[in-house]
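Shown next, in structure tokens, is the structure this report addresses.
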Amino acid sequence: MAEHRPPRVVLGVAGGIAAYKACEVLRRLTETGHQVRVVPTESALNFVGAATFEALSGQPVRTGVFEDIPEVAHVRLGQQAQLVVIAPATADLMARAAQGRADDLLTATLLTARCPVLMVPAMHTEMWLHPATVANVALLRSRGIVVMEPASGRLTGVDTGPGRLPEPAEIAEFARLLLERPDALPQDLVGRRVVVSAGGTREPLDPVRFLGNRSSGRQGYALARVAAQRGAEVTLVRAHTSEDLLPPASVRVVDTGTAAQLREAMVHESAGADVVVMAAAVADFRPADMVQHKIKKTDSGPPTLSLETNPDILVELVGKRAEGQLIVGFAAETGDENGDVLHHGRAKLARKGCDLLVVNAVGDGKAFEQPDNAGWLLGADGGEVELPPGSKALLASSLWDAVAHRLG
Ligand code: CTP
């Protein structure tokens with residue numbers, strides 16, 4: 001039997017305060033079976049000690065090119081890596097990488113690596129938006145390096161804005177994506193406007209109760225993040241989503257709650273968009289009346305709920321679609337006595353009239369609130385592609401492949 005070798009990852013850590021989050025990225029990578037060699041810069045060690053990285057990785061930690069001379073580490077590490085992740089990537093690190101410098105072990109490793117490279121920026125907003133950094137990022141991207149979109153949020157001290165390190169789970173997901181598919185993030189959606197809905201709607205019953213569903217919004221966020229990374233201008237229309245999800249700074253977010261609010265936002269935002277993706281889990285029914293006070297227990301037993309049907313947003317968007325606009329739906333299905341998951345998916349595609357439908361099998365702990373997803377991508381043109389099990393980012397990149405292909 002072929003020996004299973006864990007993927008070799010170099011985790012570069014540059015000298016910014018977000019270096020402490022590299023420990024969490026490292027832990028996630030090692031726990032998911034990667035062999036990680038941490039290569040900090042000298043200044044990164046002002047924030048996290050080498051002992052921490054050595055203990056968490058089980059590997060030695062070096063910063064300079066004059067250590068481990070017999071092993072020629074400044075060449076071997078890059079040559080042997082299957083992925084280089086730099087988190088955080090500071091403005092200085094990206095400037096040195098853009099210039100092709102090799103004045104420490106990390107930059108030397110970048111020059112010898114022939115594998116995918118993921119740089120995850122973290123810096124103050126002014127530094128991120130400075131023309132020098134903008135030019136360096138563009139140059140690095142033109143060489144095929146994936147420079148992840150930073151998040152927007154709390155920075156060091158009282159500052160907030162674009163430049164925050166994305167969450168370690170998101171960095172680990174992109175790392176996994178690039179190992180699964182090194183070509184998963186091409187710049188093929190530049191100039192395209194994309195609208196993605198995410199999360200589950202909540203239909204209020206009274207001031208404290210609602211009818212909701214288990215959607216976390218993870219798939220919708222992955223779609224938005226991957227589209228933004230591929231160059232699209234993205235609007236994320238979100239219903240209720242998990243609190244640990246942070247969109248990239250370049251993504252415009254529109255908040256909604258109920259199906260009616262989501263409908264209004266989607267109709268408004270979709271005008272002029274090239275692609276519309278309905279990944280949100282929309283409640284099919286809502287309480288006919290929202291009671292203004294908390295419904296109390298009474299001796300006469302539980303209240304009877306009277307429901308009415310919500311509009312089908314996807315069908316409405318298909319009806320309003322402009323020439324050339326692509327509309328994508330999602331379907332979470334289980335098989336039953338009338339047919340299997342795929343049978344129900346094909347029927348739903350015909351019923352909804354959208355261009356593409358992602359069909360996920362649900363039940364038995366699949367899809368909802370899970371990091372992974374699988375299914376089929378069905379096209380109105382008869383196309384049918386199986387989506388192998390993998391991260392939600394992998395499913396997102398397969399969907400954007402199909403979209404980019406159809407947009408020509
Ligand atoms: N959808 C929508 N508006 C609704 C319900 C669903 O836009 N009121 C969209 C979802 O965002 C998804 C697609 O329609 O893209 C399919 O959702 P699903 O819940 O599977 O479809 P339903 O029409 O509710 O069919 P079912 O009877 O299987 O629940």
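We name chains A, B, ... following the order of the structure tokens; residues begin at 1 in each chain, and ligands are numbered from 1 as shown.
Selecting all polymer residues at most 6 Å from ligand 1, using only C-alpha atoms and all ligand atoms, gives Met278, Ala279, Ala280, Ala281, Val282, Ala283, Asp284, Asn310, Pro311, Asp312, Ile313, Leu314, Gly329, Phe330, Ala331 and Ala332 of chain A.
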For the selection just defined, write its residues with N, CA, C and O atoms to a file, as a PDB file, in the first residue's frame.
```pdb
ATOM      1  N   MET A 278     -28.770  32.547  -5.009  1.00  0.00           N
ATOM      2  CA  MET A 278     -29.672  32.433  -3.850  1.00  0.00           C
ATOM      3  C   MET A 278     -29.210  31.245  -2.997  1.00  0.00           C
ATOM      4  O   MET A 278     -29.697  30.137  -3.154  1.00  0.00           O
ATOM      5  N   ALA A 279     -28.246  31.531  -2.100  1.00  0.00           N
ATOM      6  CA  ALA A 279     -27.775  30.470  -1.204  1.00  0.00           C
ATOM      7  C   ALA A 279     -28.497  30.534   0.141  1.00  0.00           C
ATOM      8  O   ALA A 279     -28.293  29.677   0.997  1.00  0.00           O
ATOM      9  N   ALA A 280     -29.316  31.556   0.346  1.00  0.00           N
ATOM     10  CA  ALA A 280     -30.011  31.692   1.636  1.00  0.00           C
ATOM     11  C   ALA A 280     -31.088  30.621   1.774  1.00  0.00           C
ATOM     12  O   ALA A 280     -31.660  30.165   0.786  1.00  0.00           O
ATOM     13  N   ALA A 281     -31.322  30.224   3.014  1.00  0.00           N
ATOM     14  CA  ALA A 281     -32.427  29.308   3.318  1.00  0.00           C
ATOM     15  C   ALA A 281     -33.619  30.176   3.698  1.00  0.00           C
ATOM     16  O   ALA A 281     -33.645  30.792   4.767  1.00  0.00           O
ATOM     17  N   VAL A 282     -34.555  30.281   2.783  1.00  0.00           N
ATOM     18  CA  VAL A 282     -35.696  31.174   2.980  1.00  0.00           C
ATOM     19  C   VAL A 282     -36.843  30.362   3.583  1.00  0.00           C
ATOM     20  O   VAL A 282     -37.181  29.291   3.078  1.00  0.00           O
ATOM     21  N   ALA A 283     -37.436  30.883   4.655  1.00  0.00           N
ATOM     22  CA  ALA A 283     -38.579  30.186   5.259  1.00  0.00           C
ATOM     23  C   ALA A 283     -39.729  30.175   4.259  1.00  0.00           C
ATOM     24  O   ALA A 283     -40.061  31.223   3.683  1.00  0.00           O
ATOM     25  N   ASP A 284     -40.306  29.020   4.032  1.00  0.00           N
ATOM     26  CA  ASP A 284     -41.420  28.933   3.080  1.00  0.00           C
ATOM     27  C   ASP A 284     -42.688  29.557   3.654  1.00  0.00           C
ATOM     28  O   ASP A 284     -43.545  30.019   2.911  1.00  0.00           O
ATOM     29  N   ASN A 310     -44.593  32.470   2.110  1.00  0.00           N
ATOM     30  CA  ASN A 310     -43.706  33.546   1.679  1.00  0.00           C
ATOM     31  C   ASN A 310     -43.561  33.526   0.162  1.00  0.00           C
ATOM     32  O   ASN A 310     -43.701  32.463  -0.458  1.00  0.00           O
ATOM     33  N   PRO A 311     -43.240  34.656  -0.443  1.00  0.00           N
ATOM     34  CA  PRO A 311     -43.002  34.648  -1.893  1.00  0.00           C
ATOM     35  C   PRO A 311     -41.761  33.827  -2.218  1.00  0.00           C
ATOM     36  O   PRO A 311     -40.861  33.715  -1.386  1.00  0.00           O
ATOM     37  N   ASP A 312     -41.724  33.223  -3.406  1.00  0.00           N
ATOM     38  CA  ASP A 312     -40.519  32.514  -3.844  1.00  0.00           C
ATOM     39  C   ASP A 312     -39.601  33.531  -4.520  1.00  0.00           C
ATOM     40  O   ASP A 312     -39.858  33.990  -5.635  1.00  0.00           O
ATOM     41  N   ILE A 313     -38.542  33.891  -3.812  1.00  0.00           N
ATOM     42  CA  ILE A 313     -37.651  34.972  -4.280  1.00  0.00           C
ATOM     43  C   ILE A 313     -36.925  34.557  -5.557  1.00  0.00           C
ATOM     44  O   ILE A 313     -36.802  35.326  -6.505  1.00  0.00           O
ATOM     45  N   LEU A 314     -36.448  33.310  -5.562  1.00  0.00           N
ATOM     46  CA  LEU A 314     -35.689  32.824  -6.725  1.00  0.00           C
ATOM     47  C   LEU A 314     -36.542  32.898  -7.992  1.00  0.00           C
ATOM     48  O   LEU A 314     -36.091  33.405  -9.028  1.00  0.00           O
ATOM     49  N   GLY A 329     -29.519  28.850  -8.122  1.00  0.00           N
ATOM     50  CA  GLY A 329     -30.263  28.457  -6.939  1.00  0.00           C
ATOM     51  C   GLY A 329     -29.561  27.330  -6.193  1.00  0.00           C
ATOM     52  O   GLY A 329     -28.632  26.703  -6.724  1.00  0.00           O
ATOM     53  N   PHE A 330     -29.978  27.111  -4.984  1.00  0.00           N
ATOM     54  CA  PHE A 330     -29.483  25.994  -4.175  1.00  0.00           C
ATOM     55  C   PHE A 330     -30.668  25.121  -3.797  1.00  0.00           C
ATOM     56  O   PHE A 330     -31.780  25.625  -3.616  1.00  0.00           O
ATOM     57  N   ALA A 331     -30.446  23.840  -3.663  1.00  0.00           N
ATOM     58  CA  ALA A 331     -31.522  22.958  -3.214  1.00  0.00           C
ATOM     59  C   ALA A 331     -30.950  21.953  -2.234  1.00  0.00           C
ATOM     60  O   ALA A 331     -29.979  21.262  -2.539  1.00  0.00           O
ATOM     61  N   ALA A 332     -31.490  21.945  -1.038  1.00  0.00           N
ATOM     62  CA  ALA A 332     -31.107  20.943  -0.047  1.00  0.00           C
ATOM     63  C   ALA A 332     -32.185  19.863  -0.101  1.00  0.00           C
ATOM     64  O   ALA A 332     -33.355  20.156   0.155  1.00  0.00           O
TER      65      ALA A 332
END
```
### Task
Identify, on the basis of only C-alpha atoms, every residue whose closest approach to Met127 (chain A) does not exceed 12 Å; exclude the query and any residue fewer than 3 positions from it along the same chain; express the result as a ChimeraX atom specification.
/A:90-92,94-95,121-124,130-137,161-164
Can you spit out the residues from that selection as a compact mmCIF listing (two decimals), in the first residue's frame, using all heavy atoms?
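Contents of result_9.txt, as written:
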```txt
# COMPACT_ATOMS: atom_id res chain seq x y z
N THR A 90 2.78 41.14 6.50
CA THR A 90 2.79 42.59 6.77
C THR A 90 3.10 43.35 5.47
O THR A 90 3.53 42.76 4.47
CB THR A 90 3.89 42.91 7.80
OG1 THR A 90 5.12 42.39 7.29
CG2 THR A 90 3.59 42.29 9.15
N ALA A 91 2.93 44.67 5.52
CA ALA A 91 3.26 45.51 4.35
C ALA A 91 4.74 45.32 3.99
O ALA A 91 5.09 45.21 2.82
CB ALA A 91 2.97 46.97 4.68
N ASP A 92 5.60 45.24 5.02
CA ASP A 92 7.04 45.09 4.77
C ASP A 92 7.35 43.75 4.12
O ASP A 92 8.13 43.67 3.17
CB ASP A 92 7.80 45.22 6.10
CG ASP A 92 9.29 45.02 5.91
OD1 ASP A 92 9.91 45.87 5.26
OD2 ASP A 92 9.81 43.98 6.37
N MET A 94 5.39 41.92 2.27
CA MET A 94 4.92 41.89 0.88
C MET A 94 5.81 42.75 -0.01
O MET A 94 6.04 42.42 -1.17
CB MET A 94 3.45 42.30 0.82
CG MET A 94 2.55 41.22 1.42
SD MET A 94 0.82 41.39 0.99
CE MET A 94 0.44 42.87 1.86
N ALA A 95 6.32 43.86 0.54
CA ALA A 95 7.22 44.71 -0.24
C ALA A 95 8.51 43.95 -0.56
O ALA A 95 9.00 43.97 -1.69
CB ALA A 95 7.53 45.99 0.53
N PRO A 121 -2.82 39.17 4.41
CA PRO A 121 -2.37 40.46 4.94
C PRO A 121 -3.02 40.82 6.28
O PRO A 121 -4.16 40.44 6.54
CB PRO A 121 -2.83 41.46 3.87
CG PRO A 121 -3.28 40.67 2.70
CD PRO A 121 -3.65 39.32 3.22
N ALA A 122 -2.27 41.51 7.09
CA ALA A 122 -2.81 42.12 8.32
C ALA A 122 -2.00 43.37 8.58
O ALA A 122 -0.77 43.29 8.69
CB ALA A 122 -2.72 41.15 9.49
N MET A 123 -2.66 44.50 8.62
CA MET A 123 -1.95 45.77 8.86
C MET A 123 -2.99 46.86 9.09
O MET A 123 -4.19 46.62 8.89
CB MET A 123 -1.06 46.12 7.66
CG MET A 123 -1.82 46.41 6.39
SD MET A 123 -0.76 46.37 4.93
CE MET A 123 -0.46 44.61 4.73
N HIS A 124 -2.51 48.03 9.47
CA HIS A 124 -3.46 49.13 9.63
C HIS A 124 -4.01 49.55 8.27
O HIS A 124 -3.36 49.38 7.24
CB HIS A 124 -2.79 50.30 10.36
CG HIS A 124 -3.01 50.21 11.83
ND1 HIS A 124 -2.35 49.30 12.62
CD2 HIS A 124 -3.87 50.87 12.63
CE1 HIS A 124 -2.78 49.42 13.85
NE2 HIS A 124 -3.70 50.36 13.90
N HIS A 130 -2.27 52.19 1.17
CA HIS A 130 -1.18 53.01 0.60
C HIS A 130 -0.85 52.54 -0.82
O HIS A 130 -0.80 51.34 -1.08
CB HIS A 130 0.06 52.91 1.50
CG HIS A 130 1.09 53.94 1.14
ND1 HIS A 130 1.91 53.81 0.04
CD2 HIS A 130 1.40 55.13 1.70
CE1 HIS A 130 2.70 54.87 -0.05
NE2 HIS A 130 2.41 55.68 0.96
N PRO A 131 -0.62 53.49 -1.74
CA PRO A 131 -0.33 53.09 -3.13
C PRO A 131 0.82 52.10 -3.25
O PRO A 131 0.83 51.25 -4.15
CB PRO A 131 0.01 54.41 -3.82
CG PRO A 131 -0.64 55.46 -2.99
CD PRO A 131 -0.70 54.94 -1.58
N ALA A 132 1.81 52.19 -2.35
CA ALA A 132 2.94 51.25 -2.43
C ALA A 132 2.46 49.82 -2.16
O ALA A 132 2.81 48.88 -2.88
CB ALA A 132 4.02 51.64 -1.41
N THR A 133 1.60 49.67 -1.13
CA THR A 133 1.08 48.32 -0.81
C THR A 133 0.16 47.85 -1.92
O THR A 133 0.22 46.69 -2.34
CB THR A 133 0.33 48.34 0.54
OG1 THR A 133 1.20 48.90 1.53
CG2 THR A 133 -0.10 46.95 0.96
N VAL A 134 -0.70 48.75 -2.42
CA VAL A 134 -1.64 48.38 -3.50
C VAL A 134 -0.84 47.86 -4.71
O VAL A 134 -1.18 46.83 -5.30
CB VAL A 134 -2.52 49.60 -3.88
CG1 VAL A 134 -3.35 49.32 -5.13
CG2 VAL A 134 -3.44 49.97 -2.71
N ALA A 135 0.25 48.57 -5.04
CA ALA A 135 1.06 48.15 -6.19
C ALA A 135 1.76 46.81 -5.91
O ALA A 135 1.83 45.95 -6.79
CB ALA A 135 2.09 49.23 -6.51
N ASN A 136 2.25 46.64 -4.69
CA ASN A 136 2.92 45.37 -4.35
C ASN A 136 1.95 44.20 -4.42
O ASN A 136 2.28 43.12 -4.93
CB ASN A 136 3.54 45.44 -2.95
CG ASN A 136 4.77 46.34 -2.94
OD1 ASN A 136 5.45 46.48 -3.96
ND2 ASN A 136 5.05 46.94 -1.79
N VAL A 137 0.73 44.41 -3.91
CA VAL A 137 -0.28 43.34 -3.94
C VAL A 137 -0.62 42.99 -5.39
O VAL A 137 -0.68 41.81 -5.77
CB VAL A 137 -1.55 43.76 -3.16
CG1 VAL A 137 -2.71 42.81 -3.41
CG2 VAL A 137 -1.25 43.84 -1.66
N GLY A 161 -11.26 48.98 10.66
CA GLY A 161 -11.26 49.22 9.22
C GLY A 161 -10.69 48.04 8.49
O GLY A 161 -10.36 47.02 9.10
N PRO A 162 -10.56 48.14 7.15
CA PRO A 162 -9.98 47.04 6.38
C PRO A 162 -8.52 46.84 6.75
O PRO A 162 -7.79 47.81 6.96
CB PRO A 162 -10.09 47.51 4.92
CG PRO A 162 -10.83 48.78 4.91
CD PRO A 162 -10.95 49.27 6.32
N GLY A 163 -8.10 45.60 6.88
CA GLY A 163 -6.70 45.30 7.22
C GLY A 163 -6.61 44.27 8.32
O GLY A 163 -5.52 43.83 8.68
N ARG A 164 -7.75 43.86 8.84
CA ARG A 164 -7.74 42.85 9.90
C ARG A 164 -7.47 41.47 9.30
O ARG A 164 -7.95 41.15 8.21
CB ARG A 164 -9.13 42.87 10.56
CG ARG A 164 -9.29 41.95 11.74
CD ARG A 164 -10.74 42.01 12.20
NE ARG A 164 -11.08 40.83 12.96
CZ ARG A 164 -11.09 40.77 14.29
NH1 ARG A 164 -10.82 41.85 14.99
NH2 ARG A 164 -11.41 39.66 14.92
```
### Task
Determine the nearest neighbour of Pro204 (chain A) from the options A:His293, A:Arg8, A:Arg114, A:Arg28, counting only C-alpha atoms.
A:His293
### Task
Enumerate the residues of region 27-233 of chain A with a DSSP assignment of strand (DSSP E or B), computed from the backbone, and present them as a PyMOL selection string.
chain A and resi 35-40+83-89+117-121+146-147+151-154+160-164+193-198+200+203-206+209-211+233
### Query
If we count only C-alpha atoms, what is near Glu149 (chain A) at a cut-off of 8 Å, once residues fewer than 3 positions away on the same chain are taken out, given as a PyMOL selection string?
chain A and resi 120-121+166+228-229+248-250
Store the residues picked out above, limited to C-alpha atoms, as a PDB file, in the first residue's frame.
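Dumped everything to out.pdb:
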```pdb
ATOM      1  CA  VAL A 120      -2.803  36.726   4.343  1.00  0.00           C
ATOM      2  CA  PRO A 121      -2.371  40.457   4.940  1.00  0.00           C
ATOM      3  CA  PRO A 166      -9.226  36.973   8.370  1.00  0.00           C
ATOM      4  CA  ALA A 228     -14.200  38.449  -4.199  1.00  0.00           C
ATOM      5  CA  GLN A 229     -10.875  36.622  -4.320  1.00  0.00           C
ATOM      6  CA  PRO A 248     -13.781  40.211   3.430  1.00  0.00           C
ATOM      7  CA  ALA A 249     -13.465  44.003   3.598  1.00  0.00           C
ATOM      8  CA  SER A 250     -14.162  44.396  -0.117  1.00  0.00           C
TER       9      SER A 250
END
```
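With CA of Gly383 (chain A) on one side and CA of Asp336 (chain A) on the other, the separation reads 23.9 Å.
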I want to know what sits within 7 Å of region 31-45 of chain A, based on only C-alpha atoms, with residues of the same chain fewer than 3 positions away left out; could you give that as a compact mmCIF listing (two decimals) with C-alpha atoms, in the first residue's frame?
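Final output, saved to result_12.txt:
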```
# COMPACT_ATOMS: atom_id res chain seq x y z
CA PRO A 6 1.12 14.42 5.11
CA PRO A 7 1.11 17.53 2.91
CA ARG A 8 4.14 19.72 3.67
CA VAL A 9 3.22 23.29 4.47
CA VAL A 10 5.53 26.20 5.27
CA LEU A 11 3.78 28.68 7.56
CA GLY A 12 5.53 32.03 7.30
CA VAL A 13 4.85 34.53 10.07
CA ALA A 14 5.75 38.19 9.63
CA GLY A 15 6.14 40.75 12.42
CA GLY A 16 2.70 42.16 13.15
CA ALA A 19 1.24 36.94 14.65
CA ARG A 27 -2.96 24.28 15.25
CA ARG A 28 -5.74 23.92 12.67
CA VAL A 48 5.42 35.05 19.62
CA GLY A 49 8.41 33.07 20.86
CA ALA A 50 10.09 30.37 18.77
CA PHE A 53 5.91 27.55 17.26
CA SER A 57 4.53 22.24 15.06
CA GLN A 59 9.55 21.11 14.04
CA VAL A 61 12.12 27.08 14.00
CA ARG A 62 14.75 29.19 12.21
CA THR A 63 14.66 32.72 10.85
CA LEU A 106 11.18 33.31 4.75
```
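Taking CA of Glu323 (chain A) as the reference point, CA of Glu264 (chain A) is found at 20.8 Å.
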